[in-house]
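Asks: Pasting final-v6.cif below, which is mmCIF, C-alpha atoms.
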data_target
#
loop_
_atom_site.label_atom_id
_atom_site.label_comp_id
_atom_site.auth_asym_id
_atom_site.auth_seq_id
_atom_site.Cartn_x
_atom_site.Cartn_y
_atom_site.Cartn_z
CA MET Z 877 28.30 8.19 -4.54
CA MET Z 878 27.06 8.23 -8.14
CA LEU Z 879 25.93 4.60 -7.86
CA GLN Z 880 24.00 5.44 -4.68
CA VAL Z 881 22.21 8.29 -6.43
CA LEU Z 882 21.34 6.10 -9.42
CA ALA Z 883 20.08 3.32 -7.15
CA CYS Z 884 18.08 5.71 -4.96
CA GLY Z 885 14.30 5.61 -5.03
CA VAL Z 886 14.22 9.15 -6.43
CA VAL Z 887 15.54 7.67 -9.69
CA VAL Z 888 14.34 4.05 -9.51
CA PHE Z 889 10.58 4.46 -9.01
CA PRO Z 890 9.85 7.31 -11.44
CA GLY Z 891 12.26 5.70 -13.92
CA LEU Z 892 10.43 2.37 -13.76
CA PHE Z 893 7.05 4.11 -14.03
CA PHE Z 894 7.88 6.11 -17.14
CA THR Z 895 9.68 3.13 -18.74
CA LEU Z 896 6.59 0.96 -18.27
CA ARG Z 897 4.41 3.73 -19.72
CA LYS Z 898 6.51 3.58 -22.87
CA VAL Z 899 6.75 -0.23 -23.10
CA LEU Z 900 3.23 -1.40 -22.23
CA PRO Z 901 1.40 0.35 -25.12
CA SER Z 902 3.59 -1.49 -27.62
CA ILE Z 903 2.57 -4.82 -26.06
CA PHE Z 904 -1.10 -4.12 -25.29
CA LYS Z 905 -2.11 -1.92 -28.19
CA GLN Z 906 -5.79 -1.90 -27.23
CA TRP Z 907 -5.15 -0.33 -23.82
CA THR Z 908 -6.09 3.28 -23.16
CA ASP Z 909 -3.79 5.77 -21.44
CA ALA Z 910 -5.72 5.12 -18.22
CA ASP Z 911 -5.06 1.37 -18.50
CA VAL Z 912 -1.35 1.90 -19.11
CA VAL Z 913 -0.93 4.34 -16.22
CA LEU Z 914 -2.89 2.12 -13.83
CA VAL Z 915 -0.88 -1.02 -14.60
CA SER Z 916 2.41 0.90 -14.56
CA GLU Z 917 1.56 2.30 -11.13
CA ARG Z 918 0.56 -1.14 -9.83
CA LEU Z 919 3.73 -2.82 -11.10
CA VAL Z 920 5.96 -0.20 -9.50
CA SER Z 921 3.98 -0.51 -6.25
CA SER Z 922 4.55 -4.25 -6.31
CA ILE Z 923 8.28 -3.80 -6.85
CA HIS Z 924 8.50 -1.43 -3.90
CA ALA Z 925 6.40 -3.80 -1.79
CA VAL Z 926 8.71 -6.73 -2.52
CA MET Z 927 11.71 -4.58 -1.61
CA ALA Z 928 10.12 -3.35 1.62
CA THR Z 929 8.96 -6.84 2.64
CA THR Z 930 12.42 -8.28 1.98
CA VAL Z 931 14.05 -5.54 4.05
CA GLY Z 932 11.46 -6.10 6.79
CA ILE Z 933 12.26 -9.81 6.96
CA ILE Z 934 16.00 -9.07 7.14
CA VAL Z 935 15.61 -6.46 9.89
CA VAL Z 936 13.14 -8.49 11.98
CA SER Z 937 15.21 -11.68 11.78
CA SER Z 938 18.40 -9.77 12.67
CA CYS Z 939 16.93 -7.92 15.64
CA ARG Z 940 14.72 -10.54 17.28
CA GLY Z 941 17.28 -11.27 20.02
CA ASN Z 942 16.62 -7.89 21.66
CA VAL Z 943 13.66 -6.11 20.06
CA ILE Z 944 14.60 -2.79 21.67
CA ALA Z 945 18.38 -2.52 21.44
CA ASP Z 946 19.39 -4.62 18.41
CA ARG Z 947 20.27 -2.55 15.33
CA HIS Z 948 20.30 -3.06 11.57
CA TRP Z 949 21.40 -0.35 9.17
CA LEU Z 950 18.58 -1.06 6.70
CA ALA Z 951 15.93 0.07 9.20
CA THR Z 952 17.02 3.67 8.72
CA HIS Z 953 18.64 3.68 5.30
CA PHE Z 954 15.74 2.03 3.47
CA VAL Z 955 13.37 4.71 4.75
CA ILE Z 956 15.69 7.48 3.57
CA TRP Z 957 16.75 6.03 0.21
CA TYR Z 958 13.53 4.28 -0.82
CA GLY Z 959 10.62 4.80 1.58
CA VAL Z 960 10.37 8.58 1.38
CA PRO Z 961 11.03 8.79 -2.39
CA TYR Z 962 8.45 6.08 -3.05
CA MET Z 963 5.68 7.69 -0.97
CA THR Z 964 6.33 11.02 -2.67
CA TYR Z 965 6.37 9.44 -6.13
CA ASP Z 966 3.25 7.37 -5.43
CA ILE Z 967 1.14 10.45 -4.69
CA PHE Z 968 2.10 11.77 -8.12
CA ALA Z 969 1.46 8.39 -9.80
CA MET Z 970 -1.96 8.09 -8.15
CA TYR Z 971 -2.83 11.56 -9.41
CA LEU Z 972 -1.84 10.61 -12.97
CA SER Z 973 -3.95 7.46 -12.75
CA HIS Z 974 -6.91 9.51 -11.51
CA TYR Z 975 -6.41 12.14 -14.23
CA HIS Z 976 -6.20 9.70 -17.14
CA ARG Z 977 -9.14 7.64 -15.85
CA PHE Z 978 -11.45 10.66 -15.93
CA ARG Z 979 -9.94 12.03 -19.14
CA VAL Z 980 -10.68 8.79 -20.98
CA LYS Z 981 -14.28 9.01 -19.75
CA GLY Z 982 -14.55 12.39 -21.45
CA HIS Z 983 -14.90 14.72 -18.45
CA LYS Z 984 -14.50 18.27 -19.74
CA ASP Z 985 -12.41 19.40 -16.74
CA TYR Z 986 -9.76 16.81 -17.59
CA LYS Z 987 -8.58 18.10 -20.96
CA ASN Z 988 -5.50 19.52 -19.21
CA HIS Z 989 -3.92 19.39 -15.77
CA SER Z 990 -5.20 22.14 -13.48
CA LEU Z 991 -5.81 23.00 -9.85
CA ARG Z 992 -9.34 21.70 -10.36
CA THR Z 993 -8.11 18.23 -11.36
CA VAL Z 994 -5.68 18.18 -8.43
CA ASN Z 995 -8.42 19.24 -6.03
CA SER Z 996 -10.75 16.57 -7.41
CA PHE Z 997 -8.05 13.93 -6.93
CA VAL Z 998 -7.42 14.96 -3.31
CA ARG Z 999 -11.15 14.87 -2.52
CA LYS Z 1000 -11.74 11.49 -4.15
CA GLU Z 1001 -8.60 9.86 -2.76
CA PHE Z 1002 -8.41 11.83 0.49
CA LEU Z 1003 -7.76 8.88 2.80
CA LEU Z 1004 -4.97 7.48 0.62
CA VAL Z 1005 -3.32 10.88 0.27
CA LEU Z 1006 -3.62 11.45 4.01
CA HIS Z 1007 -2.14 8.00 4.65
CA HIS Z 1008 0.90 8.80 2.48
CA ILE Z 1009 1.38 12.21 4.09
CA ALA Z 1010 1.08 10.68 7.57
CA LEU Z 1011 3.82 8.19 6.77
CA LEU Z 1012 6.05 11.00 5.51
CA THR Z 1013 5.40 13.23 8.52
CA ILE Z 1014 5.24 10.53 11.24
CA LEU Z 1015 7.29 7.50 10.22
CA LEU Z 1016 10.18 9.53 8.80
CA PRO Z 1017 10.78 11.77 11.87
CA VAL Z 1018 10.33 8.82 14.24
CA THR Z 1019 12.75 6.68 12.25
CA LEU Z 1020 15.42 9.38 12.01
CA PHE Z 1021 15.18 11.53 15.13
CA PHE Z 1022 13.00 10.25 17.98
CA ARG Z 1023 13.90 6.57 18.44
CA LYS Z 1024 17.19 7.14 20.26
CA ASP Z 1025 18.73 4.31 18.19
CA GLN Z 1026 16.16 1.84 19.52
CA GLY Z 1027 13.36 -0.26 18.01
CA ASP Z 1028 14.79 -1.30 14.64
CA TYR Z 1029 12.80 -4.52 15.09
CA PHE Z 1030 9.50 -2.61 15.05
CA ILE Z 1031 10.53 -0.53 12.04
CA GLY Z 1032 11.15 -3.85 10.28
CA CYS Z 1033 7.67 -5.00 11.28
CA LEU Z 1034 6.18 -1.87 9.70
CA PHE Z 1035 7.97 -2.72 6.45
CA LEU Z 1036 6.11 -6.05 6.47
CA THR Z 1037 2.77 -4.25 6.07
CA GLU Z 1038 3.63 -4.01 2.37
CA LEU Z 1039 3.23 -7.77 1.91
CA SER Z 1040 -0.42 -7.38 0.86
CA THR Z 1041 0.33 -4.83 -1.88
CA PRO Z 1042 1.40 -7.29 -4.63
CA PHE Z 1043 -1.86 -9.21 -4.22
CA VAL Z 1044 -3.90 -6.00 -4.52
CA SER Z 1045 -1.89 -5.04 -7.60
CA LEU Z 1046 -2.23 -8.48 -9.17
CA GLY Z 1047 -6.01 -8.26 -8.86
CA LYS Z 1048 -6.10 -5.01 -10.82
CA ILE Z 1049 -3.69 -6.30 -13.45
CA LEU Z 1050 -5.76 -9.46 -13.97
CA ILE Z 1051 -8.79 -7.26 -14.55
CA GLN Z 1052 -6.87 -5.34 -17.23
CA LEU Z 1053 -5.95 -8.63 -18.90
CA GLY Z 1054 -9.60 -9.76 -18.87
CA MET Z 1055 -8.86 -12.65 -16.49
CA GLN Z 1056 -11.32 -11.78 -13.71
CA GLU Z 1057 -13.19 -15.08 -14.19
CA CYS Z 1058 -10.14 -17.31 -13.81
CA TRP Z 1059 -9.29 -19.27 -10.68
CA LEU Z 1060 -6.16 -17.17 -10.10
CA HIS Z 1061 -8.23 -14.04 -9.62
CA LYS Z 1062 -10.48 -15.77 -7.07
CA VAL Z 1063 -7.53 -17.20 -5.15
CA ASN Z 1064 -5.83 -13.81 -5.25
CA GLY Z 1065 -8.95 -12.19 -3.76
CA GLY Z 1066 -8.67 -14.54 -0.78
CA MET Z 1067 -4.96 -13.75 -0.45
CA VAL Z 1068 -5.76 -10.03 -0.42
CA LEU Z 1069 -8.01 -10.48 2.61
CA LEU Z 1070 -5.66 -12.86 4.42
CA SER Z 1071 -2.46 -10.89 3.86
CA PHE Z 1072 -4.16 -7.57 4.58
CA PHE Z 1073 -5.51 -8.81 7.92
CA ILE Z 1074 -2.28 -10.46 9.06
CA CYS Z 1075 0.20 -7.81 7.93
CA ARG Z 1076 -1.79 -4.60 8.32
CA ILE Z 1077 -4.02 -5.27 11.34
CA ALA Z 1078 -2.92 -8.28 13.42
CA LEU Z 1079 0.68 -7.08 13.14
CA PHE Z 1080 0.04 -4.19 15.53
CA PRO Z 1081 -1.18 -6.28 18.51
CA TYR Z 1082 1.77 -8.57 17.78
CA MET Z 1083 4.23 -5.67 18.06
CA TYR Z 1084 2.65 -4.61 21.36
CA TRP Z 1085 2.91 -8.19 22.59
CA MET Z 1086 6.60 -8.36 21.64
CA TYR Z 1087 7.23 -5.06 23.41
CA GLY Z 1088 5.47 -6.37 26.54
CA SER Z 1089 7.40 -9.65 26.40
CA HIS Z 1090 10.68 -7.73 26.37
CA TYR Z 1091 9.79 -5.78 29.50
CA GLY Z 1092 7.82 -8.57 31.18
CA ILE Z 1093 4.49 -6.75 31.23
CA PRO Z 1094 1.06 -8.01 30.09
CA LEU Z 1095 -0.33 -6.97 26.72
CA TYR Z 1096 -3.09 -4.78 28.16
CA SER Z 1097 -0.51 -2.68 30.05
CA VAL Z 1098 1.75 -2.03 27.06
CA PRO Z 1099 -0.04 1.12 25.79
CA PHE Z 1100 0.37 2.72 29.23
CA HIS Z 1101 4.06 1.80 29.29
CA MET Z 1102 4.81 3.27 25.85
CA PRO Z 1103 5.23 6.98 25.04
CA PHE Z 1104 2.05 8.73 23.94
CA SER Z 1105 3.67 9.67 20.62
CA ALA Z 1106 4.29 5.97 19.83
CA ASN Z 1107 0.67 5.05 20.54
CA LEU Z 1108 -0.55 7.99 18.47
CA GLY Z 1109 1.67 7.07 15.54
CA ASN Z 1110 0.50 3.46 15.61
CA PHE Z 1111 -3.13 4.58 15.75
CA CYS Z 1112 -2.69 6.91 12.78
CA ILE Z 1113 -1.25 4.06 10.72
CA LEU Z 1114 -3.68 1.37 11.94
CA ALA Z 1115 -6.97 3.29 11.70
CA PRO Z 1116 -7.14 3.53 7.88
CA GLN Z 1117 -6.07 -0.10 7.60
CA VAL Z 1118 -9.08 -1.20 9.67
CA TYR Z 1119 -11.36 0.97 7.55
CA TRP Z 1120 -10.01 -0.47 4.29
CA PHE Z 1121 -10.27 -4.02 5.63
CA VAL Z 1122 -13.93 -3.50 6.53
CA LEU Z 1123 -14.53 -2.25 2.98
CA LEU Z 1124 -12.78 -5.32 1.59
CA CYS Z 1125 -14.92 -7.67 3.68
CA ARG Z 1126 -18.14 -5.91 2.70
CA LYS Z 1127 -17.14 -6.00 -0.95
CA GLY Z 1128 -16.28 -9.68 -0.72
CA TYR Z 1129 -19.60 -10.48 0.96
CA ARG Z 1130 -21.59 -8.59 -1.70
CA LEU Z 1131 -19.66 -10.41 -4.42
CA TYR Z 1132 -20.39 -13.77 -2.80
CA LYS Z 1133 -24.10 -12.97 -2.42
CA ARG Z 1134 -24.32 -11.84 -6.04
CA GLN Z 1135 -22.78 -15.07 -7.29
CA GLN Z 1136 -25.04 -17.18 -5.06
CA ASP Z 1137 -28.15 -15.34 -6.24
CA ALA Z 1138 -27.10 -15.81 -9.84
CA LYS Z 1139 -26.65 -19.54 -9.30
CA ASN Z 1140 -30.02 -19.86 -7.59
CA GLN Z 1141 -31.72 -18.13 -10.49
CA ILE Z 1142 -29.83 -20.37 -12.96
CA SER Z 1143 -28.84 -17.35 -14.97
CA PRO Z 1144 -25.49 -16.35 -16.49
CA VAL Z 1145 -23.14 -14.91 -13.92
CA SER Z 1146 -22.08 -11.40 -14.78
CA SER Z 1147 -18.43 -10.43 -14.49
CA PRO Z 1148 -17.82 -9.90 -10.76
CA GLU Z 1149 -16.17 -6.84 -9.37
CA PRO Z 1150 -12.76 -7.64 -7.87
CA ILE Z 1151 -12.58 -7.48 -4.10
CA SER Z 1152 -9.01 -6.24 -4.47
CA ASP Z 1153 -10.10 -3.30 -6.67
CA ILE Z 1154 -11.10 -1.03 -3.79
CA ALA Z 1155 -7.89 -1.20 -1.76
CA LYS Z 1156 -4.37 0.27 -2.54
CA ALA Z 1157 -1.57 -1.33 -0.75
CA ASP Z 1158 0.84 1.61 0.18
#
Output the file's structure in the form of structure tokens.
Replies:
Amino acid sequence: MMLQVLACGVVVFPGLFFTLRKVLPSIFKQWTDADVVLVSERLVSSIHAVMATTVGIIVVSSCRGNVIADRHWLATHFVIWYGVPYMTYDIFAMYLSHYHRFRVKGHKDYKNHSLRTVNSFVRKEFLLVLHHIALLTILLPVTLFFRKDQGDYFIGCLFLTELSTPFVSLGKILIQLGMQECWLHKVNGGMVLLSFFICRIALFPYMYWMYGSHYGIPLYSVPFHMPFSANLGNFCILAPQVYWFVLLCRKGYRLYKRQQDAKNQISPVSSPEPISDIAKAD
């Protein structure tokens, strides 16, 4: 029991975060508190994403014989032991990143933590906070109470949405290391778009198609065959993903246009903004 508690996300994710906050300043002495908190948050997010993606692959591969009835214990236990603790921790980590970013800039309201700084964080990061809360209030009850021991395959698919998160995190870390001009950052920007589209948008029609294949019904009829609560839950998860993907595409297009204009004018190219800098992969 003690080993389970120590391995639980309640200990693992905050422990990793605060350890990185202590270690990184000794390695990158020129970094501000905001830099350290941002990179620490991104590294922990990547670790969780790798864990979730690995669990997703295990569950999906184990339950593909019967996507409704096949079971795998990780589908439920990972949500309890790691999913819920991580989402709760990540809200706190995002707040700290927001707080230190504005404190370093010298905003007078950010000399100390207060209700005003919390309110500012919620307003500026409203969609991300709402996304985390929705997962806690929708995915958790569905996983634990309303599935009737069915659909582990689809829970595994939802874990796979985290595949894009390491690429988003890598983009931000490369910026901190001053490597935004290198080929790795450009390739990573493409991987952000590709992985985000496949794992956070195209995945949902795929799940509906797999559900329809199991029952022998066409894709367009699947939403009418599924419970309203399932459709609503999928919509609540998918909607912000579509919004973020549109922002990514627009950002990428503006970046491309800026670079092309700079080349046409035969002038030095200014440091481009990272297309992965506007999206958080949760």
Asks: At a cut-off of 12 Å, using only C-alpha atoms, what residues contact Lys984 (chain Z)? Leave out same-chain residues fewer than 6 positions from it and give the result as JSON, numbers by chain.
Replies: {"Z": [975, 978, 990, 992, 993]}
Asks: Do you know which residues the PyMOL selection byres ((chain Z and resi 936) around 12) returns on this file, as a ChimeraX atom specification?
Replies: /Z:928-935,937-944,946-951,1027-1036,1083,1086
Asks: Between Z:Asn1140, Z:Cys1112, Z:Arg999, Z:Ala1010, which residue has the minimum interatomic distance to Tyr971 (chain Z), considering all atoms listed in the file?
Replies: Z:Arg999
Asks: Got a sec: who's within 12 Å of Ile1077 (chain Z), counting all atoms listed in the file, leaving out chain neighbours fewer than 6 positions off, as a list in words?
Replies: Cys1033, Leu1034, Leu1036, Thr1037, Glu1038, Ser1040, Leu1069, Leu1070, Ser1071, Met1083, Asn1110, Phe1111, Ile1113, Leu1114, Ala1115, Pro1116, Gln1117, Val1118, Tyr1119, Trp1120, Phe1121 and Val1122 of chain Z
Asks: With C-alpha atoms retained, could you export that selection as a JSON list (two decimals), in the frame of the given file?
Replies:
[["chain", "number", "residue", "atom", "x", "y", "z"],
["Z", 1033, "CYS", "CA", 7.67, -5.00, 11.28],
["Z", 1034, "LEU", "CA", 6.18, -1.87, 9.70],
["Z", 1036, "LEU", "CA", 6.11, -6.05, 6.47],
["Z", 1037, "THR", "CA", 2.77, -4.25, 6.07],
["Z", 1038, "GLU", "CA", 3.63, -4.01, 2.37],
["Z", 1040, "SER", "CA", -0.42, -7.38, 0.86],
["Z", 1069, "LEU", "CA", -8.01, -10.48, 2.61],
["Z", 1070, "LEU", "CA", -5.66, -12.86, 4.42],
["Z", 1071, "SER", "CA", -2.46, -10.89, 3.86],
["Z", 1083, "MET", "CA", 4.23, -5.67, 18.06],
["Z", 1110, "ASN", "CA", 0.50, 3.46, 15.61],
["Z", 1111, "PHE", "CA", -3.13, 4.58, 15.75],
["Z", 1113, "ILE", "CA", -1.25, 4.06, 10.72],
["Z", 1114, "LEU", "CA", -3.68, 1.37, 11.94],
["Z", 1115, "ALA", "CA", -6.97, 3.29, 11.70],
["Z", 1116, "PRO", "CA", -7.14, 3.53, 7.88],
["Z", 1117, "GLN", "CA", -6.07, -0.10, 7.60],
["Z", 1118, "VAL", "CA", -9.08, -1.20, 9.67],
["Z", 1119, "TYR", "CA", -11.36, 0.97, 7.55],
["Z", 1120, "TRP", "CA", -10.01, -0.47, 4.29],
["Z", 1121, "PHE", "CA", -10.27, -4.02, 5.63],
["Z", 1122, "VAL", "CA", -13.93, -3.50, 6.53]]
Asks: For the atom pair CA of Gln1026 (chain Z) and CA of Asp966 (chain Z), what is the interatomic distance in Å to one decimal place?
Replies: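 Value for the CA of Gln1026 (chain Z)-CA of Asp966 (chain Z) distance: 28.6 Å.
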Asks: Which protein, DNA or RNA residues have an atom at most 12 Å from (7.4, -2.3, -11.8), counting all atoms listed in the file? List them as a ChimeraX atom specification.
Replies: /Z:888-897,899-900,913-927,1042,1045-1046,1049
Asks: Identify which of the residues Z:His983, Z:Arg1023, Z:Lys1048, Z:Lys905 lies closest to Ala1106 (chain Z), counting all atoms listed in the file when measuring atom-to-atom distances.
Replies: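 Closest to Ala1106 (chain Z), using all atoms listed in the file: Z:Arg1023.
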